[in-house]
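Student: Just dropping this structure here.
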Amino acid sequence: MSTDLTGYNIAYLDEQTKRMLRRALLKAVAIPGFQVPFASREVPMPRGWGTGGVQVTAAIIGTGDTLKVIDQGADDTTNAVSIRQFFAAVAHASTTTRTSEATVIQTRHRIPETPLTEGQTIVYQVPMPEPLRFLEPRETETRRLHALADYGLMYVKLYEDIARYGHIAQTYSYPVMVAGRYLMSPSPIPSFDNPKMHQSPALQLFGAGREKRIYAIPPYTDVESLGFEDYPFEPQTFDDPCAICGSTGVYLDEVITDDKGGSMFVCSDTDHCEHAAGQAEVTR
Amino acid sequence: MTTPILRVRDIDKTFTMHLQGGQRLPVLRGLAFEVRPGECVALGGSSGAGKSSILKMVYGNYAVDRGSIALRGPDGAVDIASAGPRDILAARRDVMGYVSQFLRCVPRVGALQIVAEPLTGRGVPADEARDRAADLLTRLSIPERLWGLPPATFSGGEQQRVNIARGFAVPLPLLLLDEPTASLDDRNRDVVIELIRAKRAEGTALLGIFHDTEVRKAVADRVVDVEAFAAAA
Amino acid sequence: MTADLPLLEVRGAGHRYGARWGCRDIDLDLWPGEVLAVVGESGSGKSTLLGTLSQRLSLTEGTIRYSAAGGEILDLAKLRESEVRALWRSEWGFVHQDAADGLRMHVSAGGNVGEPLMATGWRHYGNIRATAAQWLERVEIPADRIDDPPVTFSGGMRQRLQIARNLVVSPRLVFMDEPTSGLDVSVQARLLDLVRSLVADLGLAVIIVTHDLAVARLISHRTLVMKDGNVVESGLTDRVLDDPQGPYTQLLVSSILQG
């Protein structure tokens, strides 16, 4: 789909804005995990619907790129479809739902099951970039804590979880240390996805539109999920395979099947599920 | 003759009452005396002559206008009249003890611990300190059921005996006694006399105020007449 | 013991609020294991002095030297913020008058005591919790309250928790700003006794600001009397209180309610 829209610059944003965003992105890549403030602009969608991610994508996407957009792992939700169509229209970019074919992947709350490769860029939509926010509401203070790498507070949160629930109860937005220096929120991805960030060959960019922050993890960077020696980080696990494709070791969503309490667990990554189901067909 | 442990020279003491328009109350002029190890010196004179003030000046509790209070300690002499707070605290730890008229109660601390504290504070192991404290309390007939209780609730006489036990617990070269027998019955008074004599026999120097003439006769080697140093008002 | 070197050496220290001096010309030395009381009425500059010494307020003039655990002498006004924070994490404590200023009111008691440990690199939950539990016991907070947040605690318990949170990293110097003044008299006595014994057991140096001379008498070795931003009298606590020399100190001492 490449409907030509007249009157819009390539990728919707004007060149000055893209330059500003790219400067912020370069700084973010240079200081892994550090939140770089940027002048967040209006884009044709409400704040909270991924305006940060859209601006980052707009700043980096070129006509030669192939874009994949997922929302909670799915390529076919309204938001994913409309963002994909938006960039097809304003950036003349090709689009895909196949992880392996994409050069740029914009995501809300998941990392694809198919391992990312060198040359790929994943753009995360971030609602709340500050991992310390709920413990320390003062921005002046959290910035200072980051500057001084004073992260005892984050462990207090984990301590409280263990004291209350017997284990670290945080299952999404699970805080990570990037390159041994900056504490970072991975956006609300499930902790299941956290290990995929570590030493990933892909470039990982994070955009928070409402909060006006950009941060990044360059390829092959150490990303350590916090934990205690005696209560180390443990990603979620699932006992049963996907009810559709039979995959194991993937992140599953519960789907309600009737109004009598029946449900089944299926892949949250629709691309992976289709692919795996297809392969299962072939083998059969 | 042994060298004095305490040598007081040319002491003047005046109280200035700023709340009464700066009225000056001269108390002592040219006070001088000495106390030697194994000697018990009583301060004599009528009430208001400044006897308690002398003990307090020696203990560093009151300032002096002029003169010197040389106290011989293990590390040489210190002049309490001019010493800084740290030296005075060191002297109180290592050289001199003070049995005041009243026990300054510490909330929540039991009698036995109050008596043992000066010992543990000087590095005596806790159980040894407790044994010594228990022994003194027994001798001063404080019933064992009271040992765990804070003395704030005790009678005046009991408080005074706890206070004496605390003061006598630690072996120090100089002991200052301010009316140690004031509120005691005869039996306990005799115990205190024994304690003082024992200290003296050990070589401790004692400087005290004893209103009770019997006690004074029983323990004091000589009397320093404080009125001889009274400042002309 | 390094008693020959003061822990804190203050010369001509002052802090100015705009055109007005909060405190000025302050000289003092504090040695390890020593408790120094700063007394005076409200507005006398005692809290400003505490703030200036603890680097919470800037030093407008004078010098403050601190003898660090590693042996080096630090000129506090010249330290970078990160260095001051490092001191706060490992060598200093501050007990606030209002426990809400010194505690995370919605974090459990164990988390409050454990935070300084985690901030200094403790990463073993079991050890952190065991150490927190020991300290709660030490400040007489029942073991079964370890998972309750201080919002559910009484005023006295909150102050004791604050003290535990400050002492858990074995600081060398603790600043206390009127730690007992918001409490009932009986609760005050208990807290003071606790502070007194902890200070003696741990050999802490403490600077305690109080308007209550009875507090100064009970726990301090030395006392500074402040008026209008200046020290008007100082010395051994019992001498300052029993034989006050200056008119202001005599007034202050004579104003104590006899209880």
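Just remember, in the structure tokens the first chain shown is A, the second B, etc., residues are 1-based per chain, and ligands are 1-based in the order shown.
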Within 6 Å of range 229-236 of chain A, counting only C-alpha atoms, which residues show up once you throw out same-chain ones fewer than 6 positions away? Write them as a ChimeraX atom specification, please.

Tutor: /A:191-192 /C:123-124

Student: Output as a VMD selection string all residues of range 13-91 of chain C that backbone DSSP marks as strand (DSSP E or B).

Tutor: chain C and resid 13 to 17 20 to 30 35 to 39 61 to 67 73 to 75

Student: What's the 6 Å shell around range 101-104 of chain B, counting only C-alpha atoms, without same-chain residues fewer than 6 positions away, as a ChimeraX atom specification?

Tutor: /B:163,178-179

Student: So what do you get for CA of Phe87 in chain A versus CA of Ser200 in chain A, distance-wise?

Tutor: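 For CA of Phe87 in chain A relative to CA of Ser200 in chain A, the distance reads 25.4 Å.
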
Student: Per residue of chain B within 9 Å of chain C, note the shortest atom pair and the distance in Å to one decimal, counting only C-alpha atoms, and order the rows by chain and increasing residue number, as JSON lines.

Tutor:
```
{"residue": "B:Phe15", "atom": "CA", "partner": "C:Gln245", "partner_atom": "CA", "distance": 8.4}
{"residue": "B:Thr16", "atom": "CA", "partner": "C:Gln245", "partner_atom": "CA", "distance": 7.4}
{"residue": "B:Met17", "atom": "CA", "partner": "C:Pro247", "partner_atom": "CA", "distance": 7.9}
{"residue": "B:His18", "atom": "CA", "partner": "C:Pro247", "partner_atom": "CA", "distance": 5.0}
{"residue": "B:Leu19", "atom": "CA", "partner": "C:Pro247", "partner_atom": "CA", "distance": 6.8}
{"residue": "B:Gly22", "atom": "CA", "partner": "C:Pro247", "partner_atom": "CA", "distance": 8.3}
{"residue": "B:Gly60", "atom": "CA", "partner": "C:Arg239", "partner_atom": "CA", "distance": 7.1}
{"residue": "B:Asn61", "atom": "CA", "partner": "C:Arg239", "partner_atom": "CA", "distance": 4.6}
{"residue": "B:Tyr62", "atom": "CA", "partner": "C:Asp243", "partner_atom": "CA", "distance": 5.4}
{"residue": "B:Ala63", "atom": "CA", "partner": "C:Asp243", "partner_atom": "CA", "distance": 6.8}
{"residue": "B:Gly84", "atom": "CA", "partner": "C:Gly235", "partner_atom": "CA", "distance": 7.7}
{"residue": "B:Pro85", "atom": "CA", "partner": "C:Leu236", "partner_atom": "CA", "distance": 5.1}
{"residue": "B:Arg86", "atom": "CA", "partner": "C:Leu236", "partner_atom": "CA", "distance": 8.2}
{"residue": "B:Ile88", "atom": "CA", "partner": "C:Leu236", "partner_atom": "CA", "distance": 8.3}
{"residue": "B:Leu89", "atom": "CA", "partner": "C:His221", "partner_atom": "CA", "distance": 8.2}
{"residue": "B:Val106", "atom": "CA", "partner": "C:Leu218", "partner_atom": "CA", "distance": 7.5}
{"residue": "B:Pro107", "atom": "CA", "partner": "C:Ala189", "partner_atom": "CA", "distance": 5.9}
{"residue": "B:Arg108", "atom": "CA", "partner": "C:Arg190", "partner_atom": "CA", "distance": 6.9}
{"residue": "B:Val109", "atom": "CA", "partner": "C:Asp193", "partner_atom": "CA", "distance": 8.0}
{"residue": "B:Gly121", "atom": "CA", "partner": "C:Ala200", "partner_atom": "CA", "distance": 8.4}
```

Student: Please determine the contact residues of chain A with respect to chain C at a cut-off of 8 Å, counting only C-alpha atoms, and supply them as a ChimeraX atom specification.

Tutor: /A:148,150-153,155-156,159-160,163-164,227-231

Student: Would you save the residues from that selection as a PDB file, in the first residue's frame, using N, CA, C and O atoms?

Tutor:
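Written output follows (selection_12.pdb):
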```pdb
ATOM      1  N   LEU A 148      23.938   9.860  40.144  1.00  0.00           N
ATOM      2  CA  LEU A 148      24.866   9.318  41.134  1.00  0.00           C
ATOM      3  C   LEU A 148      24.818   7.788  41.186  1.00  0.00           C
ATOM      4  O   LEU A 148      25.452   7.175  42.023  1.00  0.00           O
ATOM      5  N   ASP A 150      22.584   5.945  42.268  1.00  0.00           N
ATOM      6  CA  ASP A 150      22.159   5.636  43.637  1.00  0.00           C
ATOM      7  C   ASP A 150      20.843   4.857  43.544  1.00  0.00           C
ATOM      8  O   ASP A 150      19.765   5.436  43.583  1.00  0.00           O
ATOM      9  N   TYR A 151      20.949   3.542  43.427  1.00  0.00           N
ATOM     10  CA  TYR A 151      19.772   2.757  43.064  1.00  0.00           C
ATOM     11  C   TYR A 151      19.244   1.858  44.183  1.00  0.00           C
ATOM     12  O   TYR A 151      18.501   0.920  43.918  1.00  0.00           O
ATOM     13  N   GLY A 152      19.653   2.171  45.433  1.00  0.00           N
ATOM     14  CA  GLY A 152      19.150   1.370  46.550  1.00  0.00           C
ATOM     15  C   GLY A 152      17.628   1.323  46.564  1.00  0.00           C
ATOM     16  O   GLY A 152      17.021   0.309  46.902  1.00  0.00           O
ATOM     17  N   LEU A 153      17.031   2.430  46.178  1.00  0.00           N
ATOM     18  CA  LEU A 153      15.585   2.567  46.192  1.00  0.00           C
ATOM     19  C   LEU A 153      14.878   1.493  45.349  1.00  0.00           C
ATOM     20  O   LEU A 153      13.839   0.966  45.734  1.00  0.00           O
ATOM     21  N   TYR A 155      15.859  -1.449  44.725  1.00  0.00           N
ATOM     22  CA  TYR A 155      15.887  -2.727  45.425  1.00  0.00           C
ATOM     23  C   TYR A 155      14.860  -2.765  46.546  1.00  0.00           C
ATOM     24  O   TYR A 155      14.396  -3.835  46.927  1.00  0.00           O
ATOM     25  N   VAL A 156      14.531  -1.582  47.094  1.00  0.00           N
ATOM     26  CA  VAL A 156      13.495  -1.539  48.126  1.00  0.00           C
ATOM     27  C   VAL A 156      12.191  -2.092  47.563  1.00  0.00           C
ATOM     28  O   VAL A 156      11.498  -2.873  48.205  1.00  0.00           O
ATOM     29  N   TYR A 159      12.535  -5.728  47.395  1.00  0.00           N
ATOM     30  CA  TYR A 159      12.475  -6.243  48.768  1.00  0.00           C
ATOM     31  C   TYR A 159      11.030  -6.339  49.233  1.00  0.00           C
ATOM     32  O   TYR A 159      10.604  -7.347  49.808  1.00  0.00           O
ATOM     33  N   GLU A 160      10.281  -5.265  48.988  1.00  0.00           N
ATOM     34  CA  GLU A 160       8.893  -5.229  49.433  1.00  0.00           C
ATOM     35  C   GLU A 160       8.081  -6.359  48.786  1.00  0.00           C
ATOM     36  O   GLU A 160       7.227  -6.970  49.428  1.00  0.00           O
ATOM     37  N   ALA A 163       9.014  -9.566  50.557  1.00  0.00           N
ATOM     38  CA  ALA A 163       8.470  -9.581  51.913  1.00  0.00           C
ATOM     39  C   ALA A 163       6.966  -9.851  51.872  1.00  0.00           C
ATOM     40  O   ALA A 163       6.426 -10.544  52.726  1.00  0.00           O
ATOM     41  N   ARG A 164       6.297  -9.313  50.868  1.00  0.00           N
ATOM     42  CA  ARG A 164       4.844  -9.411  50.826  1.00  0.00           C
ATOM     43  C   ARG A 164       4.359 -10.701  50.147  1.00  0.00           C
ATOM     44  O   ARG A 164       3.419 -11.324  50.607  1.00  0.00           O
ATOM     45  N   GLY A 227      17.869  -8.276  40.706  1.00  0.00           N
ATOM     46  CA  GLY A 227      17.426  -9.358  41.573  1.00  0.00           C
ATOM     47  C   GLY A 227      18.349  -9.438  42.767  1.00  0.00           C
ATOM     48  O   GLY A 227      19.337  -8.706  42.842  1.00  0.00           O
ATOM     49  N   PHE A 228      18.007 -10.280  43.713  1.00  0.00           N
ATOM     50  CA  PHE A 228      18.872 -10.519  44.855  1.00  0.00           C
ATOM     51  C   PHE A 228      19.635 -11.818  44.632  1.00  0.00           C
ATOM     52  O   PHE A 228      19.200 -12.679  43.866  1.00  0.00           O
ATOM     53  N   GLU A 229      20.753 -11.950  45.346  1.00  0.00           N
ATOM     54  CA  GLU A 229      21.533 -13.179  45.199  1.00  0.00           C
ATOM     55  C   GLU A 229      20.681 -14.410  45.512  1.00  0.00           C
ATOM     56  O   GLU A 229      20.784 -15.437  44.844  1.00  0.00           O
ATOM     57  N   ASP A 230      19.856 -14.277  46.558  1.00  0.00           N
ATOM     58  CA  ASP A 230      19.048 -15.425  46.955  1.00  0.00           C
ATOM     59  C   ASP A 230      17.648 -15.396  46.331  1.00  0.00           C
ATOM     60  O   ASP A 230      16.892 -16.345  46.469  1.00  0.00           O
ATOM     61  N   TYR A 231      17.298 -14.308  45.670  1.00  0.00           N
ATOM     62  CA  TYR A 231      16.041 -14.240  44.918  1.00  0.00           C
ATOM     63  C   TYR A 231      16.348 -13.638  43.558  1.00  0.00           C
ATOM     64  O   TYR A 231      15.991 -12.500  43.284  1.00  0.00           O
TER      65      TYR A 231
END
```

Student: Need the shell around Leu202 in chain C: protein/DNA/RNA residues with any atom at most 9 Å away, counting only C-alpha atoms. Skip same-chain ones fewer than 6 positions apart. Format as a list in words?

Tutor: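 After dropping sequence-adjacent residues, the list is Gly33, Ser170 and Arg172 of chain C.
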
Student: Could those selected residues go to a file with N, CA, C and O atoms, as an mmCIF file, in the first residue's frame?

Tutor:
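Listing of result30.cif after writing:
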```
data_model
loop_
_atom_site.group_PDB
_atom_site.id
_atom_site.type_symbol
_atom_site.label_atom_id
_atom_site.label_comp_id
_atom_site.auth_asym_id
_atom_site.auth_seq_id
_atom_site.Cartn_x
_atom_site.Cartn_y
_atom_site.Cartn_z
ATOM 1 N N GLY C 33 32.882 9.387 69.428
ATOM 2 C CA GLY C 33 32.257 8.931 70.668
ATOM 3 C C GLY C 33 31.680 10.043 71.516
ATOM 4 O O GLY C 33 31.195 9.804 72.615
ATOM 5 N N SER C 170 26.128 1.430 60.500
ATOM 6 C CA SER C 170 27.202 1.790 61.428
ATOM 7 C C SER C 170 27.859 3.116 61.072
ATOM 8 O O SER C 170 29.043 3.157 60.746
ATOM 9 N N ARG C 172 29.470 6.921 61.629
ATOM 10 C CA ARG C 172 30.416 7.423 62.628
ATOM 11 C C ARG C 172 29.902 8.702 63.244
ATOM 12 O O ARG C 172 30.334 9.112 64.318
#
```

Student: Just the residues within 8 Å of Arg161 in chain B, please, counting only C-alpha atoms, with nothing from its chain fewer than 5 positions along; format it as a PyMOL selection string.

Tutor: chain B and resi 137+140+142+184

Student: Just want the 12 Å neighbourhood of Val223 in chain A, counted on only C-alpha atoms, with same-chain residues fewer than 6 positions away dropped. Output as a PyMOL selection string.

Tutor: chain A and resi 32-33+174-186+193-200+204+216-217

Student: Just want the 12 Å neighbourhood of Ala90 in chain B, counted on only C-alpha atoms, with same-chain residues fewer than 3 positions away dropped. Output as a list in words.

Tutor: Tyr59, Gly60, Leu71, Gly73, Pro74, Asp75, Ala77, Val78, Ile80, Ala83, Gly84, Pro85, Arg86, Asp87, Arg93, Asp94, Val95, Met96, Gly97 and Arg122 of chain B; Ala3, His221 and Leu236 of chain C

Student: Output C-alpha atoms for every residue in that selection, as a compact mmCIF listing (two decimals), in the first residue's frame.

Tutor:
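Result file is out-v7.txt:
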```txt
# COMPACT_ATOMS: atom_id res chain seq x y z
CA TYR B 59 34.85 17.72 89.86
CA GLY B 60 34.83 20.31 87.07
CA LEU B 71 44.78 16.56 89.95
CA GLY B 73 46.35 11.21 87.23
CA PRO B 74 48.03 8.26 85.57
CA ASP B 75 49.21 10.49 82.71
CA ALA B 77 48.67 16.27 86.42
CA VAL B 78 45.71 18.06 84.94
CA ILE B 80 40.79 21.08 86.40
CA ALA B 83 41.15 22.04 81.55
CA GLY B 84 38.88 21.58 78.57
CA PRO B 85 35.82 19.35 78.65
CA ARG B 86 37.59 16.32 77.23
CA ASP B 87 40.34 16.41 79.86
CA ARG B 93 36.82 8.41 84.07
CA ASP B 94 40.31 7.65 85.34
CA VAL B 95 40.95 9.66 88.50
CA MET B 96 37.98 10.91 90.44
CA GLY B 97 34.51 9.78 91.40
CA ARG B 122 35.54 1.35 82.09
CA ALA C 3 40.75 10.15 69.63
CA HIS C 221 28.90 15.34 77.08
CA LEU C 236 30.90 20.44 79.65
```

Student: Can you list, as a list in words, all residues belonging to range 19-73 of chain B that DSSP tags as helix (DSSP H, G or I)?

Tutor: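 Selection result, helix (DSSP H, G or I) within range 19-73 of chain B: Leu19, Gln20, Lys51, Ser52, Ser53, Ile54, Leu55, Lys56, Met57 and Val58 of chain B.
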